[in-house]
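Here is input-v7.txt, consisting of compact mmCIF, C-alpha atoms:
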```txt
# COMPACT_ATOMS: atom_id res chain seq x y z
CA MET A 245 30.59 -59.92 -50.91
CA ALA A 246 26.97 -60.78 -51.70
CA THR A 247 26.56 -62.17 -48.21
CA VAL A 248 27.85 -58.94 -46.67
CA LEU A 249 25.50 -56.79 -48.79
CA LYS A 250 22.56 -59.01 -47.86
CA TYR A 251 23.42 -58.63 -44.17
CA VAL A 252 23.72 -54.82 -44.43
CA LEU A 253 20.47 -54.47 -46.36
CA GLY A 254 18.69 -56.68 -43.85
CA ALA A 255 19.94 -54.56 -40.94
CA LEU A 256 18.84 -51.36 -42.66
CA ALA A 257 15.41 -52.80 -43.36
CA ALA A 258 15.02 -53.85 -39.74
CA SER A 259 16.04 -50.39 -38.54
CA GLY A 260 13.60 -48.71 -40.90
CA ALA A 261 10.80 -50.97 -39.73
CA ALA A 262 11.59 -50.20 -36.11
CA LEU A 263 11.58 -46.45 -36.77
CA ALA A 264 8.33 -46.69 -38.69
CA ALA A 265 6.75 -48.66 -35.87
CA ALA A 266 7.93 -46.11 -33.33
CA GLY A 267 6.55 -43.28 -35.45
CA ALA A 268 3.24 -45.07 -35.89
CA SER A 269 3.04 -45.71 -32.16
CA ALA A 270 3.67 -42.04 -31.40
CA SER A 271 1.15 -40.83 -33.98
CA THR A 272 -1.56 -43.18 -32.71
CA SER A 273 -1.21 -42.18 -29.05
CA PRO A 274 -4.18 -40.27 -27.64
CA THR A 275 -1.93 -38.24 -25.33
CA GLY A 276 -0.89 -34.73 -26.28
CA VAL A 277 -2.55 -31.40 -26.97
CA TRP A 278 -5.55 -31.48 -29.31
CA LEU A 279 -7.65 -28.81 -30.97
CA ASP A 280 -11.30 -29.70 -30.59
CA HIS A 281 -13.78 -29.86 -33.46
CA THR A 282 -14.84 -26.21 -32.94
CA GLY A 283 -11.30 -24.83 -33.10
CA ARG A 284 -12.08 -22.69 -30.06
CA ALA A 285 -10.26 -24.77 -27.44
CA ALA A 286 -7.25 -27.02 -27.02
CA ILE A 287 -7.31 -29.99 -24.64
CA GLU A 288 -4.27 -31.71 -23.21
CA ILE A 289 -4.81 -35.47 -22.75
CA ALA A 290 -2.37 -37.13 -20.36
CA ASN A 291 -1.85 -40.36 -18.45
CA CYS A 292 -3.43 -40.06 -15.01
CA GLY A 293 -2.63 -43.15 -12.95
CA GLY A 294 -2.93 -45.56 -15.89
CA ASN A 295 -6.08 -43.96 -17.29
CA LEU A 296 -6.48 -40.87 -19.45
CA CYS A 297 -7.61 -37.44 -18.36
CA GLY A 298 -7.82 -34.15 -20.19
CA LYS A 299 -8.02 -30.44 -19.37
CA ILE A 300 -8.38 -27.20 -21.32
CA VAL A 301 -5.01 -25.49 -21.91
CA TRP A 302 -5.90 -22.95 -24.60
CA LEU A 303 -8.97 -20.89 -25.50
CA LYS A 304 -9.40 -18.86 -28.65
CA ASP A 305 -11.15 -16.11 -26.70
CA PRO A 306 -8.88 -15.02 -23.83
CA ALA A 307 -11.91 -13.54 -22.08
CA ASN A 308 -12.91 -17.10 -21.17
CA ASN A 309 -9.57 -17.99 -19.58
CA LYS A 310 -10.68 -17.18 -16.04
CA GLU A 311 -13.50 -19.73 -16.04
CA GLY A 312 -12.38 -22.24 -18.66
CA CYS A 313 -8.60 -22.50 -18.48
CA GLY A 314 -7.49 -25.62 -16.60
CA LEU A 315 -11.01 -27.09 -16.52
CA GLN A 316 -10.94 -30.90 -16.65
CA ILE A 317 -13.28 -32.19 -19.34
CA ILE A 318 -12.04 -35.80 -19.74
CA GLY A 319 -11.47 -38.36 -17.03
CA ASN A 320 -11.03 -42.05 -16.17
CA VAL A 321 -10.72 -43.25 -19.80
CA LYS A 322 -9.28 -46.78 -19.85
CA PRO A 323 -7.44 -48.69 -22.59
CA VAL A 324 -9.53 -51.38 -24.30
CA SER A 325 -8.98 -53.71 -27.24
CA GLY A 326 -8.52 -52.48 -30.79
CA GLY A 327 -6.26 -49.56 -29.85
CA LYS A 328 -9.14 -47.64 -28.27
CA TRP A 329 -9.79 -46.02 -24.91
CA ASP A 330 -13.23 -46.19 -23.37
CA GLY A 331 -15.21 -46.29 -20.12
CA GLY A 332 -14.50 -42.73 -19.06
CA TRP A 333 -16.40 -39.46 -19.26
CA ILE A 334 -16.29 -36.20 -21.16
CA LEU A 335 -17.78 -32.87 -20.11
CA ASP A 336 -19.70 -30.57 -22.41
CA PRO A 337 -18.94 -27.15 -20.85
CA GLU A 338 -21.69 -25.40 -22.79
CA LYS A 339 -24.37 -27.74 -21.42
CA ASN A 340 -22.55 -28.54 -18.16
CA ALA A 341 -23.33 -32.22 -18.79
CA LYS A 342 -21.18 -35.36 -18.70
CA TYR A 343 -21.30 -38.16 -21.25
CA ASP A 344 -19.51 -41.46 -21.80
CA VAL A 345 -16.59 -41.17 -24.19
CA GLU A 346 -14.53 -43.36 -26.50
CA LEU A 347 -11.18 -42.16 -27.87
CA THR A 348 -9.70 -43.69 -31.02
CA PRO A 349 -6.37 -42.49 -32.48
CA LEU A 350 -6.50 -42.48 -36.29
CA SER A 351 -3.74 -43.38 -38.71
CA ASN A 352 -3.67 -39.84 -40.13
CA GLY A 353 -2.67 -38.48 -36.73
CA ASN A 354 -6.11 -37.21 -35.72
CA LEU A 355 -8.23 -38.34 -32.78
CA LYS A 356 -11.80 -39.59 -33.03
CA VAL A 357 -13.87 -38.57 -30.03
CA MET A 358 -17.22 -40.26 -29.61
CA GLY A 359 -19.57 -39.11 -26.89
CA TYR A 360 -22.53 -41.26 -25.97
CA ALA A 361 -25.06 -41.79 -23.20
CA GLY A 362 -24.95 -45.44 -22.21
CA MET A 363 -25.56 -46.83 -25.73
CA LYS A 364 -23.20 -46.11 -28.59
CA PHE A 365 -25.85 -46.14 -31.31
CA LEU A 366 -27.03 -42.88 -29.70
CA SER A 367 -23.74 -41.04 -30.03
CA GLU A 368 -22.02 -38.07 -31.58
CA THR A 369 -18.55 -38.35 -33.13
CA TYR A 370 -16.04 -35.55 -33.57
CA THR A 371 -12.51 -35.30 -34.96
CA TRP A 372 -9.78 -33.53 -33.05
CA THR A 373 -6.45 -32.50 -34.59
CA ARG A 374 -3.08 -32.10 -32.93
CA ALA A 375 -2.19 -28.58 -31.88
CA THR A 376 1.02 -26.97 -33.05
CA PRO A 377 3.90 -26.93 -30.54
CA ASP A 378 3.94 -23.13 -30.41
CA ILE A 379 0.41 -22.83 -29.07
CA LYS A 380 0.19 -20.26 -26.27
CA ARG A 381 -1.12 -22.20 -23.32
CA CYS A 382 -3.34 -20.33 -20.91
CA ASP A 383 -2.22 -22.44 -17.95
CA VAL A 384 1.40 -21.32 -18.18
CA THR A 385 2.33 -17.99 -16.60
CA ALA A 386 5.04 -16.20 -18.52
CA GLU A 387 8.12 -15.43 -16.46
CA ARG A 388 8.64 -11.75 -15.90
CA THR A 389 11.79 -10.50 -17.64
CA PRO A 390 13.87 -8.31 -15.38
CA SER A 391 14.08 -4.73 -16.63
CA SER A 392 17.42 -3.58 -18.06
CA GLU A 393 16.87 -0.06 -16.79
CA PRO A 394 18.65 0.84 -13.56
CA PRO A 395 16.38 1.11 -10.57
CA ALA A 396 15.20 4.60 -9.84
CA SER A 397 17.02 6.27 -6.99
CA ASP A 398 15.12 6.94 -3.85
CA PRO A 399 13.62 10.43 -3.74
CA PRO A 400 15.38 12.87 -1.41
CA PRO A 401 13.85 13.12 2.02
CA LEU A 402 11.39 15.89 2.49
CA ALA A 403 12.74 18.96 4.32
CA THR A 404 11.46 19.39 7.82
CA PRO A 405 9.43 22.61 7.94
CA ALA A 406 10.78 25.31 10.26
CA PRO A 407 8.75 25.80 13.41
CA ALA A 408 6.27 28.66 13.25
CA PRO A 409 7.32 31.80 15.16
CA GLU A 410 5.76 32.10 18.55
CA THR A 411 3.00 34.67 18.75
CA PRO A 412 3.69 37.12 21.61
CA ALA A 413 1.17 37.04 24.38
CA PRO A 414 -1.11 40.10 24.50
CA PRO A 415 -0.19 42.69 27.19
CA ALA A 416 -1.93 42.24 30.45
CA ALA A 417 -4.82 44.58 31.04
CA PRO A 418 -4.13 47.27 33.71
CA GLU A 419 -5.56 46.50 37.05
CA GLN A 420 -8.75 48.37 37.74
CA PRO A 421 -8.98 49.96 41.19
CA ALA A 422 -11.35 48.20 43.43
CA PRO A 423 -14.58 50.14 43.90
CA LYS A 424 -14.72 52.02 47.15
CA GLN A 425 -17.15 50.72 49.64
CA ALA A 426 -19.75 53.18 50.73
CA ASP A 427 -19.06 54.66 54.11
CA LYS A 428 -21.77 53.43 56.34
CA THR A 429 -20.78 55.72 59.19
CA PRO A 430 -23.67 58.06 59.78
CA ALA A 431 -22.99 61.76 59.33
CA PRO A 432 -22.47 63.74 62.48
CA GLY A 433 -25.58 65.18 63.84
CA LYS A 434 -27.71 62.79 61.91
CA ALA A 435 -27.10 59.78 64.07
CA LYS A 436 -30.16 58.82 65.92
CA GLY A 437 -29.46 58.07 69.57
CA LYS A 438 -31.47 56.16 72.06
CA ASP A 439 -34.59 57.65 73.55
CA CYS A 440 -34.92 57.99 77.28
CA LYS A 441 -38.23 58.21 79.08
CA LEU A 442 -38.64 60.55 82.03
CA ALA A 443 -41.59 61.02 84.34
CA PHE A 444 -42.38 64.51 85.64
CA GLY A 445 -45.33 64.74 88.01
CA GLY A 446 -47.00 61.72 86.49
CA VAL A 447 -46.30 62.88 82.98
CA ASN A 448 -44.07 60.68 80.82
CA VAL A 449 -41.64 62.56 78.62
CA THR A 450 -39.42 60.95 76.00
CA LEU A 451 -36.15 62.73 75.23
CA PRO A 452 -32.95 61.73 73.42
CA CYS A 453 -30.51 60.27 75.83
CA ASP A 454 -27.74 62.38 74.28
CA LEU A 455 -29.37 65.53 75.63
CA LEU A 456 -29.38 64.12 79.06
CA ASP A 457 -25.67 63.24 78.78
CA ASP A 458 -24.75 66.77 77.67
CA ASP A 459 -26.40 68.27 80.72
```

Just dump the structure as structure tokens.
Amino acid sequence: MATVLKYVLGALAASGAALAAAGASASTSPTGVWLDHTGRAAIEIANCGGNLCGKIVWLKDPANNKEGCGLQIIGNVKPVSGGKWDGGWILDPEKNAKYDVELTPLSNGNLKVMGYAGMKFLSETYTWTRATPDIKRCDVTAERTPSSEPPASDPPPLATPAPAPETPAPPAAPEQPAPKQADKTPAPGKAKGKDCKLAFGGVNVTLPCDLLDDD
């Protein structure tokens, strides 16, 4: 009986140790979504081809989503000894400058972020905390819920307007009589005939030829 109890207790202890180790491993992982030291942004750190990279997935001020959401601010961070990640870079969006970075998961579940420029004795260290699971990410577009209201029926077609009545043509103007041409025939008795010249005893006399014809 004692042997059986010892075996059961040993198995339970081993299981508890394994669970504790798994929990410690999960809590000391640098991957996940972190609130930065200002509380104005959340950064998702993920495995990118064996190294770590990070991008902004939440901003406290939605007005900055257009420029800041999805911006990569951590890249090429490699695992090193002592449970740390180093050798990569971090971007300061406010200064638009890159620095070297070292990431160290802490036992309390936080993340120590140290930015430096070549030499670590000239560095700045910040503490990031894990974001809650219900954080509203700016890089996720909410699915549009279909409306429960029935679709509006198509509006009735517009009535075709009746053609406008034809305007009767104005009556034709009466024909004006053509102006009479002036009669160019000379009036009787006023026509001027040809003159005929006659010689009488060396005297030349000019008379109308019509008088000569009448005689």

For Val357 (chain A), find every residue with an atom within 9 Å (counting all atoms listed in the file), except residues of its own chain fewer than 5 positions away, and show them as a ChimeraX atom specification.
/A:345-349,368-372

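Proximity of A:Asn354, A:Thr411, A:Asn320, A:Asn340 to Asn295 (chain A), computed with all atoms listed in the file, is greatest for A:Asn320.
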
For Asp344 (chain A), find every residue with an atom within 10 Å (counting all atoms listed in the file), except residues of its own chain fewer than 5 positions away, and show them as a list in words.
Ile318, Gly319, Val321, Asp330, Gly331, Gly332, Trp333, Ile334, Leu335, Met358, Gly359, Tyr360, Ala361, Gly362, Met363, Lys364 and Ser367 of chain A

What does the structure give for the distance between CA of Thr272 (chain A) and CA of Pro323 (chain A), in Å to one decimal?
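Computing the Euclidean distance for CA of Thr272 (chain A) and CA of Pro323 (chain A) yields 12.9 Å.
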
Would you pick out the contacts of Pro274 (chain A) at 10 Å or less, using only C-alpha atoms, so that residues sharing its chain but fewer than 2 positions from it are not included, and give the list as a VMD selection string?
chain A and resid 270 to 272 276 to 278 288 to 291 296 327 to 329 347 to 350 353 to 356 374

Saved selection, atoms kept: C-alpha atoms, as a PDB file, in the frame of the given file:
```pdb
ATOM      1  CA  ALA A 270       3.670 -42.040 -31.400  1.00  0.00           C
ATOM      2  CA  SER A 271       1.150 -40.830 -33.980  1.00  0.00           C
ATOM      3  CA  THR A 272      -1.560 -43.180 -32.710  1.00  0.00           C
ATOM      4  CA  GLY A 276      -0.890 -34.730 -26.280  1.00  0.00           C
ATOM      5  CA  VAL A 277      -2.550 -31.400 -26.970  1.00  0.00           C
ATOM      6  CA  TRP A 278      -5.550 -31.480 -29.310  1.00  0.00           C
ATOM      7  CA  GLU A 288      -4.270 -31.710 -23.210  1.00  0.00           C
ATOM      8  CA  ILE A 289      -4.810 -35.470 -22.750  1.00  0.00           C
ATOM      9  CA  ALA A 290      -2.370 -37.130 -20.360  1.00  0.00           C
ATOM     10  CA  ASN A 291      -1.850 -40.360 -18.450  1.00  0.00           C
ATOM     11  CA  LEU A 296      -6.480 -40.870 -19.450  1.00  0.00           C
ATOM     12  CA  GLY A 327      -6.260 -49.560 -29.850  1.00  0.00           C
ATOM     13  CA  LYS A 328      -9.140 -47.640 -28.270  1.00  0.00           C
ATOM     14  CA  TRP A 329      -9.790 -46.020 -24.910  1.00  0.00           C
ATOM     15  CA  LEU A 347     -11.180 -42.160 -27.870  1.00  0.00           C
ATOM     16  CA  THR A 348      -9.700 -43.690 -31.020  1.00  0.00           C
ATOM     17  CA  PRO A 349      -6.370 -42.490 -32.480  1.00  0.00           C
ATOM     18  CA  LEU A 350      -6.500 -42.480 -36.290  1.00  0.00           C
ATOM     19  CA  GLY A 353      -2.670 -38.480 -36.730  1.00  0.00           C
ATOM     20  CA  ASN A 354      -6.110 -37.210 -35.720  1.00  0.00           C
ATOM     21  CA  LEU A 355      -8.230 -38.340 -32.780  1.00  0.00           C
ATOM     22  CA  LYS A 356     -11.800 -39.590 -33.030  1.00  0.00           C
ATOM     23  CA  ARG A 374      -3.080 -32.100 -32.930  1.00  0.00           C
TER      24      ARG A 374
END
```
